[in-house]
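Read through the structure below, which is laid out as structure tokens, and then see the notes.
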Amino acid sequence: MKDVVYDEIELSMAMNSIENYADFLSRCIEQYIGLLNKLKNKGIQDELICSKIEELATTMRPYKAVIYDECKNISEKVNKSITEVETADKFYFPNGITSMVGSLLSKFW
């Protein structure tokens, strides 16, 4: 079995980024659907065009749930992976080693 080296903080930061991006996408979809509804209700009165706008809004709604579900799935997998590694891990870095290494490496850039 090969050793796996990873940084929990990096994984946590990546997970937070994914969750923030999923939240952003969900809000964008919600705003887009709101704009479509406003366009349909106040801007365009043609039945065919309004029905196409409604179809588009109806098509977009499920993506919000899909994004949430996928983000939750990724989060659960990452957390499970972290827990599994922590359970099997026999080596612990001293507190603050990551920032110390980062500080040392920054002197070379």
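In the structure tokens, the first chain shown is A, the next is B, and so on; residue numbers restart at 1 for each chain, and ligands run from 1 in the order shown.
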
What lies within 9 Å of region 76-91 of chain A using only C-alpha atoms, ignoring chain neighbours under 3 positions off, as number ranges by chain?
A: 4, 8, 11-12, 15, 71-73

All residues 8 Å or closer to Leu36 (chain A), only C-alpha atoms, same chain fewer than 6 positions away omitted, as a list of chain:residue names:
A:Ile53, A:Glu54, A:Ala57

Considering only helix (DSSP H, G or I) as DSSP defines it on the backbone, what residues of chain A qualify? List them as a PDB file with N, CA and C atoms, in the first residue's frame.
ATOM      1  N   GLU A   8      -5.393  18.281   5.133  1.00  0.00           N
ATOM      2  CA  GLU A   8      -6.812  18.409   5.482  1.00  0.00           C
ATOM      3  C   GLU A   8      -7.314  19.829   5.270  1.00  0.00           C
ATOM      4  N   ILE A   9      -6.475  20.798   5.563  1.00  0.00           N
ATOM      5  CA  ILE A   9      -6.877  22.196   5.408  1.00  0.00           C
ATOM      6  C   ILE A   9      -7.137  22.500   3.932  1.00  0.00           C
ATOM      7  N   GLU A  10      -6.267  21.975   3.060  1.00  0.00           N
ATOM      8  CA  GLU A  10      -6.461  22.195   1.622  1.00  0.00           C
ATOM      9  C   GLU A  10      -7.766  21.548   1.154  1.00  0.00           C
ATOM     10  N   LEU A  11      -8.023  20.325   1.606  1.00  0.00           N
ATOM     11  CA  LEU A  11      -9.277  19.663   1.240  1.00  0.00           C
ATOM     12  C   LEU A  11     -10.479  20.442   1.765  1.00  0.00           C
ATOM     13  N   SER A  12     -10.378  20.912   2.978  1.00  0.00           N
ATOM     14  CA  SER A  12     -11.464  21.685   3.566  1.00  0.00           C
ATOM     15  C   SER A  12     -11.694  22.984   2.791  1.00  0.00           C
ATOM     16  N   MET A  13     -10.605  23.654   2.420  1.00  0.00           N
ATOM     17  CA  MET A  13     -10.729  24.894   1.638  1.00  0.00           C
ATOM     18  C   MET A  13     -11.344  24.609   0.270  1.00  0.00           C
ATOM     19  N   ALA A  14     -10.930  23.506  -0.352  1.00  0.00           N
ATOM     20  CA  ALA A  14     -11.489  23.139  -1.657  1.00  0.00           C
ATOM     21  C   ALA A  14     -12.982  22.839  -1.522  1.00  0.00           C
ATOM     22  N   MET A  15     -13.353  22.147  -0.463  1.00  0.00           N
ATOM     23  CA  MET A  15     -14.758  21.830  -0.236  1.00  0.00           C
ATOM     24  C   MET A  15     -15.568  23.101  -0.012  1.00  0.00           C
ATOM     25  N   ASN A  16     -15.024  24.032   0.755  1.00  0.00           N
ATOM     26  CA  ASN A  16     -15.712  25.314   0.960  1.00  0.00           C
ATOM     27  C   ASN A  16     -15.885  26.055  -0.356  1.00  0.00           C
ATOM     28  N   SER A  17     -14.867  26.017  -1.203  1.00  0.00           N
ATOM     29  CA  SER A  17     -14.957  26.669  -2.513  1.00  0.00           C
ATOM     30  C   SER A  17     -16.059  26.041  -3.359  1.00  0.00           C
ATOM     31  N   ILE A  18     -16.125  24.713  -3.340  1.00  0.00           N
ATOM     32  CA  ILE A  18     -17.165  24.023  -4.104  1.00  0.00           C
ATOM     33  C   ILE A  18     -18.545  24.401  -3.576  1.00  0.00           C
ATOM     34  N   GLU A  19     -18.700  24.409  -2.262  1.00  0.00           N
ATOM     35  CA  GLU A  19     -19.993  24.759  -1.673  1.00  0.00           C
ATOM     36  C   GLU A  19     -20.369  26.209  -1.990  1.00  0.00           C
ATOM     37  N   ASN A  20     -19.403  27.107  -1.917  1.00  0.00           N
ATOM     38  CA  ASN A  20     -19.674  28.516  -2.244  1.00  0.00           C
ATOM     39  C   ASN A  20     -20.052  28.678  -3.707  1.00  0.00           C
ATOM     40  N   TYR A  21     -19.350  27.956  -4.581  1.00  0.00           N
ATOM     41  CA  TYR A  21     -19.650  28.051  -6.011  1.00  0.00           C
ATOM     42  C   TYR A  21     -21.030  27.465  -6.307  1.00  0.00           C
ATOM     43  N   ALA A  22     -21.375  26.356  -5.658  1.00  0.00           N
ATOM     44  CA  ALA A  22     -22.703  25.761  -5.846  1.00  0.00           C
ATOM     45  C   ALA A  22     -23.787  26.728  -5.382  1.00  0.00           C
ATOM     46  N   ASP A  23     -23.540  27.399  -4.260  1.00  0.00           N
ATOM     47  CA  ASP A  23     -24.493  28.392  -3.764  1.00  0.00           C
ATOM     48  C   ASP A  23     -24.630  29.535  -4.769  1.00  0.00           C
ATOM     49  N   PHE A  24     -23.504  29.992  -5.299  1.00  0.00           N
ATOM     50  CA  PHE A  24     -23.509  31.058  -6.307  1.00  0.00           C
ATOM     51  C   PHE A  24     -24.310  30.637  -7.541  1.00  0.00           C
ATOM     52  N   LEU A  25     -24.059  29.414  -8.029  1.00  0.00           N
ATOM     53  CA  LEU A  25     -24.784  28.932  -9.209  1.00  0.00           C
ATOM     54  C   LEU A  25     -26.279  28.832  -8.934  1.00  0.00           C
ATOM     55  N   SER A  26     -26.638  28.359  -7.750  1.00  0.00           N
ATOM     56  CA  SER A  26     -28.056  28.251  -7.397  1.00  0.00           C
ATOM     57  C   SER A  26     -28.719  29.627  -7.377  1.00  0.00           C
ATOM     58  N   ARG A  27     -28.019  30.609  -6.808  1.00  0.00           N
ATOM     59  CA  ARG A  27     -28.578  31.969  -6.777  1.00  0.00           C
ATOM     60  C   ARG A  27     -28.702  32.539  -8.189  1.00  0.00           C
ATOM     61  N   CYS A  28     -27.724  32.268  -9.042  1.00  0.00           N
ATOM     62  CA  CYS A  28     -27.783  32.742 -10.432  1.00  0.00           C
ATOM     63  C   CYS A  28     -28.967  32.127 -11.172  1.00  0.00           C
ATOM     64  N   ILE A  29     -29.178  30.845 -10.977  1.00  0.00           N
ATOM     65  CA  ILE A  29     -30.316  30.179 -11.616  1.00  0.00           C
ATOM     66  C   ILE A  29     -31.622  30.790 -11.121  1.00  0.00           C
ATOM     67  N   GLU A  30     -31.704  31.005  -9.824  1.00  0.00           N
ATOM     68  CA  GLU A  30     -32.917  31.599  -9.248  1.00  0.00           C
ATOM     69  C   GLU A  30     -33.157  33.001  -9.818  1.00  0.00           C
ATOM     70  N   GLN A  31     -32.110  33.796  -9.933  1.00  0.00           N
ATOM     71  CA  GLN A  31     -32.244  35.139 -10.510  1.00  0.00           C
ATOM     72  C   GLN A  31     -32.652  35.060 -11.982  1.00  0.00           C
ATOM     73  N   TYR A  32     -32.075  34.122 -12.709  1.00  0.00           N
ATOM     74  CA  TYR A  32     -32.394  33.948 -14.123  1.00  0.00           C
ATOM     75  C   TYR A  32     -33.862  33.570 -14.294  1.00  0.00           C
ATOM     76  N   ILE A  33     -34.331  32.647 -13.475  1.00  0.00           N
ATOM     77  CA  ILE A  33     -35.738  32.249 -13.540  1.00  0.00           C
ATOM     78  C   ILE A  33     -36.636  33.434 -13.182  1.00  0.00           C
ATOM     79  N   GLY A  34     -36.210  34.232 -12.198  1.00  0.00           N
ATOM     80  CA  GLY A  34     -36.965  35.432 -11.842  1.00  0.00           C
ATOM     81  C   GLY A  34     -37.052  36.417 -12.998  1.00  0.00           C
ATOM     82  N   LEU A  35     -35.941  36.591 -13.704  1.00  0.00           N
ATOM     83  CA  LEU A  35     -35.938  37.487 -14.865  1.00  0.00           C
ATOM     84  C   LEU A  35     -36.834  36.943 -15.981  1.00  0.00           C
ATOM     85  N   LEU A  36     -36.795  35.640 -16.188  1.00  0.00           N
ATOM     86  CA  LEU A  36     -37.673  35.047 -17.204  1.00  0.00           C
ATOM     87  C   LEU A  36     -39.136  35.261 -16.849  1.00  0.00           C
ATOM     88  N   ASN A  37     -39.467  35.082 -15.579  1.00  0.00           N
ATOM     89  CA  ASN A  37     -40.858  35.288 -15.141  1.00  0.00           C
ATOM     90  C   ASN A  37     -41.282  36.743 -15.311  1.00  0.00           C
ATOM     91  N   LYS A  38     -40.379  37.654 -14.959  1.00  0.00           N
ATOM     92  CA  LYS A  38     -40.690  39.076 -15.119  1.00  0.00           C
ATOM     93  C   LYS A  38     -40.895  39.406 -16.601  1.00  0.00           C
ATOM     94  N   LEU A  39     -40.034  38.858 -17.439  1.00  0.00           N
ATOM     95  CA  LEU A  39     -40.146  39.079 -18.883  1.00  0.00           C
ATOM     96  C   LEU A  39     -41.478  38.542 -19.397  1.00  0.00           C
ATOM     97  N   LYS A  40     -41.825  37.357 -18.944  1.00  0.00           N
ATOM     98  CA  LYS A  40     -43.074  36.720 -19.381  1.00  0.00           C
ATOM     99  C   LYS A  40     -44.301  37.486 -18.884  1.00  0.00           C
ATOM    100  N   ASN A  41     -44.242  37.922 -17.627  1.00  0.00           N
ATOM    101  CA  ASN A  41     -45.422  38.557 -17.030  1.00  0.00           C
ATOM    102  C   ASN A  41     -45.587  40.028 -17.403  1.00  0.00           C
ATOM    103  N   LYS A  42     -44.487  40.724 -17.624  1.00  0.00           N
ATOM    104  CA  LYS A  42     -44.584  42.169 -17.852  1.00  0.00           C
ATOM    105  C   LYS A  42     -44.105  42.615 -19.231  1.00  0.00           C
ATOM    106  N   GLY A  43     -43.243  41.828 -19.860  1.00  0.00           N
ATOM    107  CA  GLY A  43     -42.615  42.318 -21.078  1.00  0.00           C
ATOM    108  C   GLY A  43     -43.214  41.803 -22.361  1.00  0.00           C
ATOM    109  N   GLU A  47     -48.509  34.630 -26.671  1.00  0.00           N
ATOM    110  CA  GLU A  47     -48.693  33.340 -25.986  1.00  0.00           C
ATOM    111  C   GLU A  47     -47.596  32.342 -26.309  1.00  0.00           C
ATOM    112  N   LEU A  48     -47.207  32.244 -27.571  1.00  0.00           N
ATOM    113  CA  LEU A  48     -46.181  31.285 -27.977  1.00  0.00           C
ATOM    114  C   LEU A  48     -44.838  31.613 -27.319  1.00  0.00           C
ATOM    115  N   ILE A  49     -44.467  32.873 -27.343  1.00  0.00           N
ATOM    116  CA  ILE A  49     -43.197  33.273 -26.735  1.00  0.00           C
ATOM    117  C   ILE A  49     -43.248  33.064 -25.225  1.00  0.00           C
ATOM    118  N   CYS A  50     -44.364  33.430 -24.611  1.00  0.00           N
ATOM    119  CA  CYS A  50     -44.507  33.222 -23.159  1.00  0.00           C
ATOM    120  C   CYS A  50     -44.419  31.742 -22.803  1.00  0.00           C
ATOM    121  N   SER A  51     -45.007  30.890 -23.623  1.00  0.00           N
ATOM    122  CA  SER A  51     -44.944  29.453 -23.333  1.00  0.00           C
ATOM    123  C   SER A  51     -43.513  28.934 -23.472  1.00  0.00           C
ATOM    124  N   LYS A  52     -42.759  29.464 -24.425  1.00  0.00           N
ATOM    125  CA  LYS A  52     -41.351  29.060 -24.592  1.00  0.00           C
ATOM    126  C   LYS A  52     -40.508  29.558 -23.414  1.00  0.00           C
ATOM    127  N   ILE A  53     -40.798  30.757 -22.945  1.00  0.00           N
ATOM    128  CA  ILE A  53     -40.086  31.295 -21.770  1.00  0.00           C
ATOM    129  C   ILE A  53     -40.390  30.423 -20.554  1.00  0.00           C
ATOM    130  N   GLU A  54     -41.647  30.027 -20.397  1.00  0.00           N
ATOM    131  CA  GLU A  54     -42.026  29.165 -19.277  1.00  0.00           C
ATOM    132  C   GLU A  54     -41.340  27.801 -19.384  1.00  0.00           C
ATOM    133  N   GLU A  55     -41.244  27.271 -20.601  1.00  0.00           N
ATOM    134  CA  GLU A  55     -40.535  25.999 -20.801  1.00  0.00           C
ATOM    135  C   GLU A  55     -39.068  26.124 -20.374  1.00  0.00           C
ATOM    136  N   LEU A  56     -38.459  27.232 -20.736  1.00  0.00           N
ATOM    137  CA  LEU A  56     -37.059  27.455 -20.362  1.00  0.00           C
ATOM    138  C   LEU A  56     -36.913  27.537 -18.845  1.00  0.00           C
ATOM    139  N   ALA A  57     -37.801  28.280 -18.194  1.00  0.00           N
ATOM    140  CA  ALA A  57     -37.754  28.397 -16.729  1.00  0.00           C
ATOM    141  C   ALA A  57     -37.982  27.026 -16.083  1.00  0.00           C
ATOM    142  N   THR A  58     -38.916  26.261 -16.616  1.00  0.00           N
ATOM    143  CA  THR A  58     -39.208  24.926 -16.092  1.00  0.00           C
ATOM    144  C   THR A  58     -37.995  24.002 -16.279  1.00  0.00           C
ATOM    145  N   THR A  59     -37.315  24.140 -17.385  1.00  0.00           N
ATOM    146  CA  THR A  59     -36.114  23.337 -17.650  1.00  0.00           C
ATOM    147  C   THR A  59     -34.991  23.691 -16.678  1.00  0.00           C
ATOM    148  N   MET A  60     -34.887  24.964 -16.313  1.00  0.00           N
ATOM    149  CA  MET A  60     -33.795  25.420 -15.448  1.00  0.00           C
ATOM    150  C   MET A  60     -33.989  25.046 -13.981  1.00  0.00           C
ATOM    151  N   ARG A  61     -35.232  24.985 -13.514  1.00  0.00           N
ATOM    152  CA  ARG A  61     -35.503  24.755 -12.084  1.00  0.00           C
ATOM    153  C   ARG A  61     -34.800  23.518 -11.518  1.00  0.00           C
ATOM    154  N   PRO A  62     -34.834  22.375 -12.192  1.00  0.00           N
ATOM    155  CA  PRO A  62     -34.196  21.181 -11.614  1.00  0.00           C
ATOM    156  C   PRO A  62     -32.679  21.302 -11.451  1.00  0.00           C
ATOM    157  N   TYR A  63     -32.044  22.151 -12.235  1.00  0.00           N
ATOM    158  CA  TYR A  63     -30.587  22.283 -12.135  1.00  0.00           C
ATOM    159  C   TYR A  63     -30.160  22.784 -10.758  1.00  0.00           C
ATOM    160  N   LYS A  64     -31.000  23.588 -10.154  1.00  0.00           N
ATOM    161  CA  LYS A  64     -30.695  24.090  -8.814  1.00  0.00           C
ATOM    162  C   LYS A  64     -30.583  22.916  -7.837  1.00  0.00           C
ATOM    163  N   ALA A  65     -31.528  21.984  -7.903  1.00  0.00           N
ATOM    164  CA  ALA A  65     -31.495  20.809  -7.030  1.00  0.00           C
ATOM    165  C   ALA A  65     -30.335  19.892  -7.389  1.00  0.00           C
ATOM    166  N   VAL A  66     -30.055  19.750  -8.667  1.00  0.00           N
ATOM    167  CA  VAL A  66     -28.945  18.887  -9.104  1.00  0.00           C
ATOM    168  C   VAL A  66     -27.618  19.427  -8.571  1.00  0.00           C
ATOM    169  N   ILE A  67     -27.430  20.724  -8.656  1.00  0.00           N
ATOM    170  CA  ILE A  67     -26.198  21.342  -8.152  1.00  0.00           C
ATOM    171  C   ILE A  67     -26.085  21.098  -6.648  1.00  0.00           C
ATOM    172  N   TYR A  68     -27.169  21.296  -5.916  1.00  0.00           N
ATOM    173  CA  TYR A  68     -27.160  21.078  -4.468  1.00  0.00           C
ATOM    174  C   TYR A  68     -26.832  19.616  -4.154  1.00  0.00           C
ATOM    175  N   ASP A  69     -27.514  18.695  -4.837  1.00  0.00           N
ATOM    176  CA  ASP A  69     -27.306  17.268  -4.577  1.00  0.00           C
ATOM    177  C   ASP A  69     -25.873  16.842  -4.879  1.00  0.00           C
ATOM    178  N   GLU A  70     -25.321  17.306  -6.001  1.00  0.00           N
ATOM    179  CA  GLU A  70     -23.950  16.954  -6.353  1.00  0.00           C
ATOM    180  C   GLU A  70     -22.955  17.519  -5.346  1.00  0.00           C
ATOM    181  N   CYS A  71     -23.184  18.735  -4.919  1.00  0.00           N
ATOM    182  CA  CYS A  71     -22.303  19.358  -3.921  1.00  0.00           C
ATOM    183  C   CYS A  71     -22.358  18.571  -2.617  1.00  0.00           C
ATOM    184  N   LYS A  72     -23.554  18.195  -2.201  1.00  0.00           N
ATOM    185  CA  LYS A  72     -23.712  17.416  -0.975  1.00  0.00           C
ATOM    186  C   LYS A  72     -23.006  16.066  -1.118  1.00  0.00           C
ATOM    187  N   ASN A  73     -23.134  15.436  -2.275  1.00  0.00           N
ATOM    188  CA  ASN A  73     -22.494  14.157  -2.542  1.00  0.00           C
ATOM    189  C   ASN A  73     -20.971  14.278  -2.465  1.00  0.00           C
ATOM    190  N   ILE A  74     -20.435  15.308  -3.093  1.00  0.00           N
ATOM    191  CA  ILE A  74     -18.985  15.541  -3.057  1.00  0.00           C
ATOM    192  C   ILE A  74     -18.536  15.785  -1.621  1.00  0.00           C
ATOM    193  N   SER A  75     -19.275  16.601  -0.901  1.00  0.00           N
ATOM    194  CA  SER A  75     -18.944  16.918   0.479  1.00  0.00           C
ATOM    195  C   SER A  75     -18.915  15.654   1.340  1.00  0.00           C
ATOM    196  N   GLU A  76     -19.922  14.810   1.179  1.00  0.00           N
ATOM    197  CA  GLU A  76     -19.970  13.562   1.947  1.00  0.00           C
ATOM    198  C   GLU A  76     -18.779  12.665   1.617  1.00  0.00           C
ATOM    199  N   LYS A  77     -18.422  12.581   0.332  1.00  0.00           N
ATOM    200  CA  LYS A  77     -17.289  11.741  -0.072  1.00  0.00           C
ATOM    201  C   LYS A  77     -15.970  12.284   0.483  1.00  0.00           C
ATOM    202  N   VAL A  78     -15.799  13.603   0.423  1.00  0.00           N
ATOM    203  CA  VAL A  78     -14.576  14.206   0.950  1.00  0.00           C
ATOM    204  C   VAL A  78     -14.489  13.980   2.457  1.00  0.00           C
ATOM    205  N   ASN A  79     -15.580  14.216   3.165  1.00  0.00           N
ATOM    206  CA  ASN A  79     -15.586  14.014   4.616  1.00  0.00           C
ATOM    207  C   ASN A  79     -15.338  12.553   4.978  1.00  0.00           C
ATOM    208  N   LYS A  80     -15.930  11.633   4.215  1.00  0.00           N
ATOM    209  CA  LYS A  80     -15.711  10.203   4.454  1.00  0.00           C
ATOM    210  C   LYS A  80     -14.244   9.852   4.224  1.00  0.00           C
ATOM    211  N   SER A  81     -13.689  10.392   3.161  1.00  0.00           N
ATOM    212  CA  SER A  81     -12.277  10.138   2.847  1.00  0.00           C
ATOM    213  C   SER A  81     -11.365  10.656   3.961  1.00  0.00           C
ATOM    214  N   ILE A  82     -11.644  11.862   4.419  1.00  0.00           N
ATOM    215  CA  ILE A  82     -10.836  12.444   5.506  1.00  0.00           C
ATOM    216  C   ILE A  82     -10.938  11.558   6.752  1.00  0.00           C
ATOM    217  N   THR A  83     -12.142  11.125   7.089  1.00  0.00           N
ATOM    218  CA  THR A  83     -12.340  10.276   8.264  1.00  0.00           C
ATOM    219  C   THR A  83     -11.605   8.949   8.119  1.00  0.00           C
ATOM    220  N   GLU A  84     -11.679   8.349   6.932  1.00  0.00           N
ATOM    221  CA  GLU A  84     -10.990   7.076   6.707  1.00  0.00           C
ATOM    222  C   GLU A  84      -9.477   7.228   6.841  1.00  0.00           C
ATOM    223  N   VAL A  85      -8.952   8.309   6.277  1.00  0.00           N
ATOM    224  CA  VAL A  85      -7.505   8.532   6.365  1.00  0.00           C
ATOM    225  C   VAL A  85      -7.112   8.817   7.808  1.00  0.00           C
ATOM    226  N   GLU A  86      -7.891   9.632   8.501  1.00  0.00           N
ATOM    227  CA  GLU A  86      -7.580   9.933   9.900  1.00  0.00           C
ATOM    228  C   GLU A  86      -7.596   8.667  10.753  1.00  0.00           C
ATOM    229  N   THR A  87      -8.524   7.763  10.471  1.00  0.00           N
ATOM    230  CA  THR A  87      -8.614   6.514  11.223  1.00  0.00           C
ATOM    231  C   THR A  87      -7.380   5.644  10.976  1.00  0.00           C
ATOM    232  N   ALA A  88      -6.930   5.592   9.727  1.00  0.00           N
ATOM    233  CA  ALA A  88      -5.789   4.742   9.385  1.00  0.00           C
ATOM    234  C   ALA A  88      -4.447   5.428   9.614  1.00  0.00           C
ATOM    235  N   ILE A  97       2.955  23.229  11.293  1.00  0.00           N
ATOM    236  CA  ILE A  97       4.017  22.870  10.346  1.00  0.00           C
ATOM    237  C   ILE A  97       3.693  23.368   8.938  1.00  0.00           C
ATOM    238  N   THR A  98       2.425  23.340   8.571  1.00  0.00           N
ATOM    239  CA  THR A  98       2.046  23.781   7.225  1.00  0.00           C
ATOM    240  C   THR A  98       2.380  25.248   7.022  1.00  0.00           C
ATOM    241  N   SER A  99       2.040  26.086   7.990  1.00  0.00           N
ATOM    242  CA  SER A  99       2.344  27.511   7.842  1.00  0.00           C
ATOM    243  C   SER A  99       3.849  27.751   7.899  1.00  0.00           C
ATOM    244  N   MET A 100       4.578  26.960   8.681  1.00  0.00           N
ATOM    245  CA  MET A 100       6.019  27.118   8.759  1.00  0.00           C
ATOM    246  C   MET A 100       6.664  26.753   7.414  1.00  0.00           C
ATOM    247  N   VAL A 101       6.230  25.652   6.832  1.00  0.00           N
ATOM    248  CA  VAL A 101       6.756  25.243   5.525  1.00  0.00           C
ATOM    249  C   VAL A 101       6.387  26.274   4.472  1.00  0.00           C
ATOM    250  N   GLY A 102       5.148  26.753   4.512  1.00  0.00           N
ATOM    251  CA  GLY A 102       4.717  27.789   3.566  1.00  0.00           C
ATOM    252  C   GLY A 102       5.551  29.053   3.705  1.00  0.00           C
ATOM    253  N   SER A 103       5.837  29.410   4.917  1.00  0.00           N
ATOM    254  CA  SER A 103       6.661  30.600   5.174  1.00  0.00           C
ATOM    255  C   SER A 103       8.082  30.417   4.622  1.00  0.00           C
ATOM    256  N   LEU A 104       8.630  29.247   4.841  1.00  0.00           N
ATOM    257  CA  LEU A 104       9.990  28.966   4.326  1.00  0.00           C
ATOM    258  C   LEU A 104       9.996  28.951   2.804  1.00  0.00           C
ATOM    259  N   LEU A 105       9.005  28.332   2.205  1.00  0.00           N
ATOM    260  CA  LEU A 105       8.956  28.255   0.740  1.00  0.00           C
ATOM    261  C   LEU A 105       8.745  29.625   0.108  1.00  0.00           C
ATOM    262  N   SER A 106       8.022  30.490   0.784  1.00  0.00           N
ATOM    263  CA  SER A 106       7.751  31.817   0.226  1.00  0.00           C
ATOM    264  C   SER A 106       9.025  32.629   0.064  1.00  0.00           C
TER     265      SER A 106
END
